[in-house]
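For reference, upload_17.cif (mmCIF, C-alpha atoms):
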```cif
data_start
#
loop_
_atom_site.label_atom_id
_atom_site.label_comp_id
_atom_site.auth_asym_id
_atom_site.auth_seq_id
_atom_site.Cartn_x
_atom_site.Cartn_y
_atom_site.Cartn_z
CA MET F 45 0.00 0.00 0.00
CA MET F 46 1.38 3.40 -1.00
CA SER F 47 1.27 6.15 1.61
CA PHE F 48 2.87 9.50 2.45
CA LEU F 49 4.06 10.99 5.70
CA GLU F 50 4.54 14.73 6.12
CA THR F 51 7.31 15.48 8.59
CA ALA F 52 7.42 18.41 10.99
CA GLN F 53 9.72 20.13 8.47
CA GLY F 54 7.10 19.78 5.73
CA VAL F 55 8.87 17.04 3.78
CA ARG F 56 6.57 14.42 2.23
CA ILE F 57 8.07 10.97 2.65
CA HIS F 58 6.67 8.29 0.37
CA TYR F 59 6.58 4.75 1.75
CA GLU F 60 4.95 1.47 0.93
CA THR F 61 3.77 -1.26 3.28
CA ALA F 62 2.81 -4.87 2.75
CA GLY F 63 2.18 -7.98 4.80
CA ASP F 64 1.69 -8.67 8.48
CA GLY F 65 3.97 -9.90 11.25
CA PRO F 66 7.30 -8.65 12.63
CA THR F 67 8.38 -5.45 10.93
CA LEU F 68 11.18 -5.16 8.38
CA VAL F 69 12.16 -1.64 7.31
CA PHE F 70 14.20 -1.36 4.09
CA LEU F 71 16.45 1.60 3.25
CA HIS F 72 17.77 2.16 -0.28
CA GLY F 73 20.98 3.87 -1.36
CA TRP F 74 22.05 7.04 -3.13
CA ALA F 75 20.18 7.95 -6.34
CA MET F 76 17.82 4.98 -5.98
CA SER F 77 14.41 4.41 -4.38
CA GLY F 78 12.53 1.79 -2.42
CA ARG F 79 11.87 -0.01 -5.71
CA VAL F 80 15.28 -1.65 -5.47
CA TRP F 81 13.81 -4.03 -2.87
CA ARG F 82 11.05 -5.35 -5.15
CA PHE F 83 12.61 -8.83 -5.31
CA GLN F 84 12.14 -9.14 -1.53
CA GLU F 85 8.39 -8.53 -1.71
CA GLY F 86 7.72 -12.22 -1.08
CA LEU F 87 8.79 -11.70 2.53
CA ALA F 88 5.38 -10.07 3.05
CA ASP F 89 3.99 -13.61 3.47
CA TRP F 90 5.62 -13.64 6.93
CA TYR F 91 6.58 -10.08 7.76
CA ARG F 92 5.28 -6.53 7.65
CA LEU F 93 7.41 -4.68 5.11
CA VAL F 94 7.92 -0.92 5.32
CA VAL F 95 9.84 0.56 2.39
CA PRO F 96 10.36 4.35 2.33
CA ASP F 97 11.94 6.61 -0.26
CA LEU F 98 14.53 8.93 1.26
CA ARG F 99 13.83 12.63 0.84
CA GLY F 100 14.77 13.79 -2.64
CA HIS F 101 14.51 10.22 -3.98
CA GLY F 102 11.71 8.22 -5.53
CA LEU F 103 8.29 9.71 -4.85
CA SER F 104 9.33 11.63 -1.74
CA SER F 105 9.47 15.41 -1.99
CA ALA F 106 12.74 17.19 -2.71
CA PRO F 107 13.19 20.27 -0.52
CA ASP F 108 15.62 22.94 -1.66
CA SER F 109 18.10 21.91 1.04
CA GLY F 110 18.50 19.51 3.94
CA TYR F 111 20.23 16.38 2.68
CA SER F 112 22.58 15.61 5.53
CA HIS F 113 22.56 12.16 7.07
CA ALA F 114 20.99 13.80 10.12
CA ASN F 115 18.09 14.97 7.95
CA PHE F 116 17.61 11.49 6.50
CA ALA F 117 17.78 10.00 9.99
CA ASP F 118 15.20 12.46 11.35
CA ASP F 119 12.80 11.45 8.56
CA LEU F 120 13.32 7.79 9.42
CA VAL F 121 12.64 8.42 13.10
CA ALA F 122 9.47 10.33 12.17
CA LEU F 123 8.32 7.34 10.11
CA PHE F 124 8.95 4.93 13.00
CA GLU F 125 7.02 7.18 15.36
CA ALA F 126 4.11 7.81 12.99
CA LEU F 127 3.65 4.09 12.28
CA GLY F 128 4.34 3.00 15.84
CA LEU F 129 7.11 0.65 14.75
CA ASP F 130 8.79 -1.41 17.46
CA ASN F 131 10.96 -4.53 17.55
CA ALA F 132 11.77 -3.88 13.90
CA VAL F 133 14.70 -5.11 11.83
CA LEU F 134 16.26 -2.28 9.84
CA ILE F 135 17.73 -3.49 6.54
CA ALA F 136 19.95 -0.89 4.91
CA TRP F 137 21.92 -0.81 1.67
CA SER F 138 24.86 1.36 0.62
CA MET F 139 24.24 4.97 1.74
CA GLY F 140 21.30 3.61 3.72
CA VAL F 141 23.80 1.92 6.04
CA GLN F 142 25.17 5.31 7.04
CA VAL F 143 21.64 6.64 7.52
CA ALA F 144 20.88 3.65 9.74
CA LEU F 145 24.00 4.29 11.82
CA GLN F 146 23.11 7.97 12.09
CA ALA F 147 19.60 7.07 13.28
CA TYR F 148 20.65 4.23 15.58
CA PRO F 149 20.97 6.25 18.82
CA LEU F 150 17.45 7.59 18.25
CA LEU F 151 15.92 4.24 17.27
CA GLU F 152 17.80 1.75 19.42
CA GLU F 153 14.80 1.01 21.66
CA ARG F 154 12.59 0.37 18.63
CA LEU F 155 14.93 -2.08 16.89
CA ALA F 156 15.47 -5.83 17.22
CA ALA F 157 18.41 -6.14 14.79
CA LEU F 158 20.20 -4.55 11.85
CA VAL F 159 21.19 -5.81 8.40
CA PHE F 160 23.88 -3.89 6.53
CA VAL F 161 24.21 -4.63 2.81
CA SER F 162 27.20 -3.40 0.78
CA GLY F 163 27.78 -0.58 3.21
CA ALA F 164 30.51 1.34 4.95
CA PRO F 165 30.69 3.64 7.96
CA ARG F 166 32.71 6.03 5.80
CA PHE F 167 32.54 6.19 2.00
CA THR F 168 35.90 7.82 1.31
CA ALA F 169 39.32 6.56 2.31
CA GLY F 170 41.52 8.41 4.79
CA VAL F 171 44.90 8.13 6.48
CA ASP F 172 43.46 5.89 9.20
CA TYR F 173 40.74 4.29 7.07
CA PRO F 174 41.81 2.54 3.84
CA HIS F 175 38.45 0.85 3.21
CA GLY F 176 36.83 3.54 1.07
CA LEU F 177 37.20 5.11 -2.34
CA PRO F 178 39.64 7.97 -2.96
CA SER F 179 37.95 11.32 -2.34
CA VAL F 180 38.83 12.33 -5.90
CA GLU F 181 36.25 9.80 -7.12
CA THR F 182 33.36 11.52 -5.35
CA ARG F 183 34.56 14.90 -6.63
CA GLY F 184 34.66 13.47 -10.13
CA MET F 185 31.16 12.08 -9.76
CA ALA F 186 29.91 15.49 -8.63
CA LEU F 187 31.38 17.06 -11.77
CA ARG F 188 29.84 14.40 -13.99
CA LEU F 189 26.47 14.95 -12.33
CA LYS F 190 26.67 18.62 -13.21
CA ARG F 191 27.36 17.82 -16.87
CA ASP F 192 24.97 14.89 -17.30
CA HIS F 193 22.60 14.18 -14.46
CA ALA F 194 20.72 11.20 -15.96
CA GLY F 195 23.77 9.68 -17.62
CA THR F 196 25.79 9.75 -14.42
CA VAL F 197 23.06 7.94 -12.51
CA SER F 198 22.78 5.36 -15.29
CA ASP F 199 26.56 4.78 -15.30
CA PHE F 200 26.56 4.46 -11.53
CA SER F 201 23.80 1.86 -11.75
CA ARG F 202 25.79 -0.21 -14.22
CA LYS F 203 28.83 -0.16 -11.96
CA MET F 204 26.76 -1.84 -9.25
CA PHE F 205 27.24 -5.15 -11.06
CA ALA F 206 30.57 -6.95 -11.45
CA GLU F 207 31.87 -7.94 -14.85
CA GLY F 208 30.24 -11.22 -15.81
CA GLU F 209 27.81 -11.07 -12.88
CA LEU F 210 24.86 -10.61 -15.21
CA HIS F 211 24.24 -11.22 -18.89
CA GLN F 212 23.67 -8.00 -20.81
CA ARG F 213 19.91 -8.46 -21.19
CA GLN F 214 19.55 -9.37 -17.54
CA CYS F 215 21.72 -6.42 -16.56
CA GLU F 216 19.48 -4.02 -18.47
CA ARG F 217 16.41 -5.46 -16.76
CA MET F 218 17.99 -5.20 -13.32
CA ILE F 219 19.03 -1.61 -13.90
CA PHE F 220 15.56 -0.77 -15.16
CA GLU F 221 13.99 -2.25 -12.03
CA ALA F 222 16.50 -0.53 -9.75
CA ILE F 223 16.01 3.00 -11.05
CA ARG F 224 12.49 2.94 -12.50
CA SER F 225 11.01 5.75 -10.46
CA GLU F 226 10.97 9.51 -10.47
CA SER F 227 14.53 10.57 -11.27
CA PRO F 228 16.07 12.26 -8.20
CA ALA F 229 16.40 16.01 -8.53
CA TYR F 230 19.87 17.29 -9.37
CA HIS F 231 20.22 19.33 -6.17
CA ALA F 232 19.13 16.37 -4.05
CA LEU F 233 21.74 14.13 -5.68
CA GLN F 234 24.52 16.69 -5.33
CA GLU F 235 23.80 17.51 -1.70
CA SER F 236 23.31 13.88 -0.64
CA LEU F 237 26.51 12.92 -2.48
CA ALA F 238 28.37 15.63 -0.57
CA SER F 239 26.95 14.24 2.69
CA LEU F 240 27.96 10.73 1.69
CA ALA F 241 31.49 11.87 0.89
CA SER F 242 31.98 13.67 4.21
CA ALA F 243 30.17 11.41 6.70
CA ASP F 244 32.12 9.29 9.17
CA LEU F 245 29.99 7.04 11.39
CA ARG F 246 32.78 4.82 12.72
CA THR F 247 32.32 5.95 16.32
CA VAL F 248 28.75 4.60 16.37
CA LEU F 249 29.77 1.00 15.62
CA PRO F 250 30.99 -0.10 19.10
CA SER F 251 27.77 1.22 20.66
CA VAL F 252 25.44 -0.96 18.58
CA ALA F 253 24.02 -3.36 21.15
CA LEU F 254 22.02 -5.44 18.66
CA PRO F 255 22.71 -8.41 16.38
CA VAL F 256 23.94 -7.24 12.98
CA LEU F 257 24.13 -9.23 9.75
CA LEU F 258 26.54 -7.82 7.18
CA ILE F 259 26.25 -8.96 3.55
CA HIS F 260 28.78 -7.83 0.96
CA GLY F 261 29.75 -8.86 -2.54
CA SER F 262 33.37 -9.86 -3.05
CA ALA F 263 33.48 -7.92 -6.34
CA ASP F 264 31.93 -4.69 -5.07
CA THR F 265 33.86 -1.73 -6.50
CA ILE F 266 31.62 0.98 -5.01
CA CYS F 267 31.98 0.00 -1.35
CA PRO F 268 34.96 -2.35 -0.95
CA PRO F 269 34.17 -5.55 0.97
CA SER F 270 36.93 -4.65 3.42
CA ALA F 271 34.55 -1.97 4.73
CA SER F 272 32.17 -4.66 5.99
CA ARG F 273 35.09 -6.61 7.42
CA TYR F 274 36.06 -3.47 9.30
CA MET F 275 32.51 -3.02 10.61
CA ALA F 276 32.33 -6.67 11.65
CA GLY F 277 35.43 -6.11 13.76
CA GLN F 278 33.98 -3.02 15.43
CA LEU F 279 30.42 -4.20 16.07
CA PRO F 280 29.91 -6.18 19.31
CA ASP F 281 27.57 -8.79 17.78
CA ALA F 282 28.13 -9.13 14.05
CA ARG F 283 28.05 -11.86 11.43
CA LEU F 284 29.61 -11.21 8.02
CA VAL F 285 28.70 -13.05 4.81
CA VAL F 286 30.72 -12.32 1.66
CA MET F 287 28.98 -13.39 -1.55
CA GLU F 288 31.58 -14.45 -4.10
CA GLY F 289 31.61 -12.84 -7.53
CA VAL F 290 28.86 -10.39 -6.59
CA GLY F 291 28.95 -6.62 -6.92
CA HIS F 292 27.19 -3.83 -5.06
CA ALA F 293 23.57 -5.05 -5.24
CA PRO F 294 23.36 -8.73 -4.18
CA PHE F 295 19.63 -8.47 -3.48
CA LEU F 296 19.13 -7.76 -7.20
CA SER F 297 21.66 -10.00 -8.92
CA ARG F 298 21.41 -12.91 -6.45
CA SER F 299 18.00 -12.22 -4.99
CA ALA F 300 17.14 -15.82 -4.05
CA GLU F 301 20.47 -16.44 -2.34
CA PHE F 302 20.28 -13.07 -0.60
CA THR F 303 16.76 -13.74 0.68
CA VAL F 304 17.82 -17.14 2.08
CA LEU F 305 20.66 -15.46 4.01
CA LEU F 306 18.30 -12.79 5.26
CA THR F 307 15.53 -15.15 6.37
CA LYS F 308 17.96 -17.43 8.21
CA PHE F 309 19.13 -14.42 10.18
CA LEU F 310 15.58 -13.25 10.80
CA ASP F 311 14.59 -16.71 12.03
CA GLY F 312 17.05 -16.27 14.85
CA ILE F 313 15.74 -12.83 15.74
CA HIS F 314 12.01 -13.34 16.05
CA ALA F 315 10.87 -16.56 14.39
CA ASP F 316 8.42 -17.04 17.27
CA ASP F 317 6.72 -13.74 16.40
CA ARG F 318 5.84 -14.61 12.81
CA PRO F 319 2.28 -15.57 11.93
CA ALA F 320 1.80 -19.28 11.29
#
```

Can I see the file as structure tokens?
Amino acid sequence: MMSFLETAQGVRIHYETAGDGPTLVFLHGWAMSGRVWRFQEGLADWYRLVVPDLRGHGLSSAPDSGYSHANFADDLVALFEALGLDNAVLIAWSMGVQVALQAYPLLEERLAALVFVSGAPRFTAGVDYPHGLPSVETRGMALRLKRDHAGTVSDFSRKMFAEGELHQRQCERMIFEAIRSESPAYHALQESLASLASADLRTVLPSVALPVLLIHGSADTICPPSASRYMAGQLPDARLVVMEGVGHAPFLSRSAEFTVLLTKFLDGIHADDRPA
């Protein structure tokens, strides 16, 4: 079911819900929308799925400014409060992982577990953090966005898949499914990319007092798999699964395998709470 939430700041957040049972909340990544999770819709047979579009993405409104991770996190908290979500599992991908970490201190009491997919606590590499991309890459992407907004997003989508991971026809279909929504506004992409490039959520990791499943593709060139290995070493209760030969979007290219990994983890969190 499609719905909208208007936040206290006047931002309209689009979200969809399906199913009944323990709650799973899915967060997408930069330049995408909640549609990327369409291959997990079958989980609605056992769970209540809540899939929002981040502000400036998908069908959510795009204010003139306000695209920091704190803004995204505040919208997520507002959604949890408006829907009365408790004991939820928050499943976040790519930039969504950083949004989840940003929101964690505000949502800890409402969460049962976390799932981080192809994420990183910091997107760019630094002197004491070699698990990101060189900062010059994000600057280059910002320049390409300015020259060719739609083309840059399309190229980024293609880079989500490793060479040989998908056949060309399948790749085109996957990309179509991943980005088939309202194209994010240029200013929303630029400002959220700047936030992604500057954010550093490493200090949150040791405070996460919940079970965390980390899933990462071994061939991910957007967020290196070493970023999830780093997080696994910093989180108190973490399990890491590396999917061989997979790029940045395992839930798209290996949706069945991904869903098996996810449901096994969920079974250990609240199998007793699912409807028969």

>> To one decimal place in Å, what is the distance between atom CA of F:Ala117 and atom CA of F:Lys308?
In response: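 One can read the atom CA of F:Ala117 to atom CA of F:Lys308 distance as 27.5 Å.
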
>> Report, in Å to a single decimal, how far apart atom CA of F:Gly73 and atom CA of F:Ser138 are.
In response: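 Taking atom CA of F:Ser138 as the start and atom CA of F:Gly73 as the end point, the length is 5.0 Å.
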
>> Once the PyMOL selection byres ((chain F and resi 266) around 10) is applied to the coordinates I shared, what remains selected? I want it as number ranges by chain.
In response: F: 138, 162-163, 167, 176-177, 200, 203-205, 263-265, 267-269, 291-292

> Which one is closest to F:Ala122: F:Leu68, F:Val55, F:Glu60, F:Arg166? Count only C-alpha atoms.
Replying inline: F:Val55

> So which residues are close to (1.2, -13.8, 0.5), meaning at most 12 Å away in the file's coordinates with only C-alpha atoms counted, and can you show them as a ChimeraX atom specification?
Replying inline: /F:62-65,85-93,319

>> From (22.5, -3.6, 6.5), in the file's coordinates, out to 6 Å: which residues are reached, counting all atoms listed in the file? Answer as a ChimeraX atom specification.
In response: /F:135-137,141,158-161,258

>> Quick one: residues within 8 Å of stretch 245-254 of chain F, only C-alpha atoms, excluding same-chain residues fewer than 3 positions away - as a VMD selection string?
In response: chain F and resid 142 145 to 146 148 156 to 158 165 to 166 275 278 to 281

> Taking all atoms listed in the file into account, which of F:Leu127, F:Met46, F:Leu210, F:Leu120 comes nearest F:Ala293?
Replying inline: F:Leu210

>> Taking only C-alpha atoms into account, name the residue in F:Ser270, F:Ile313, F:Arg298, F:Arg191 that is nearest to F:Pro66.
In response: F:Ile313

>> I'd like the interatomic distance between atom CA of F:Met185 and atom CA of F:Ala271, to a tenth of an Å.
In response: 20.5 Å

> For F:Thr307, which of F:Gly208, F:Ala276, F:Ala186, F:Leu257 is the closest residue, counting all atoms listed in the file?
Replying inline: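 Counting all atoms listed in the file, the residue closest to F:Thr307 is F:Leu257.
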
>> Quick one: residues within 12 Å of F:Glu50, only C-alpha atoms, excluding same-chain residues fewer than 2 positions away - as an MDAnalysis selection string?
In response: chainID F and resid 47:48 52:59 99 104:105 119:120 122:123 126

>> Which residues would end up in the selection if the PyMOL selection byres ((chain F and resi 284) around 8) were applied here, given that I need the answer as a ChimeraX atom specification?
In response: /F:257-260,272-273,276,282-283,285-286

>> Running the PyMOL selection byres ((chain F and resi 83) around 9) on this model by hand, what would come out? Give it as a ChimeraX atom specification.
In response: /F:79-82,84-86,295-296,299-300,303

>> Let me make sure I understand: among F:Ala243, F:Ala229, F:Val143, F:Met287, which one has the smallest atom-to-atom distance to F:Ala169 if we use only C-alpha atoms?
In response: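 Closest to F:Ala169 of all the choices is F:Ala243.
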
>> When you count only C-alpha atoms, which of these residues is closest to F:Glu288: F:Ala206, F:Ala238, F:Tyr173, F:Leu150?
In response: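 Among F:Ala206, F:Ala238, F:Tyr173, F:Leu150, it is F:Ala206 that comes nearest to F:Glu288.
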
Please write out, as lines of an AutoDock Vina configuration file, where the centre of an axis-aligned box around all listed atoms of stretch 262-279 of chain F lies and how long its edges are, in Å to one decimal, after adding 6 Å on each side.
```
center_x = 33.7
center_y = -4.4
center_z = 4.8
size_x = 18.5
size_y = 22.8
size_z = 34.6
```
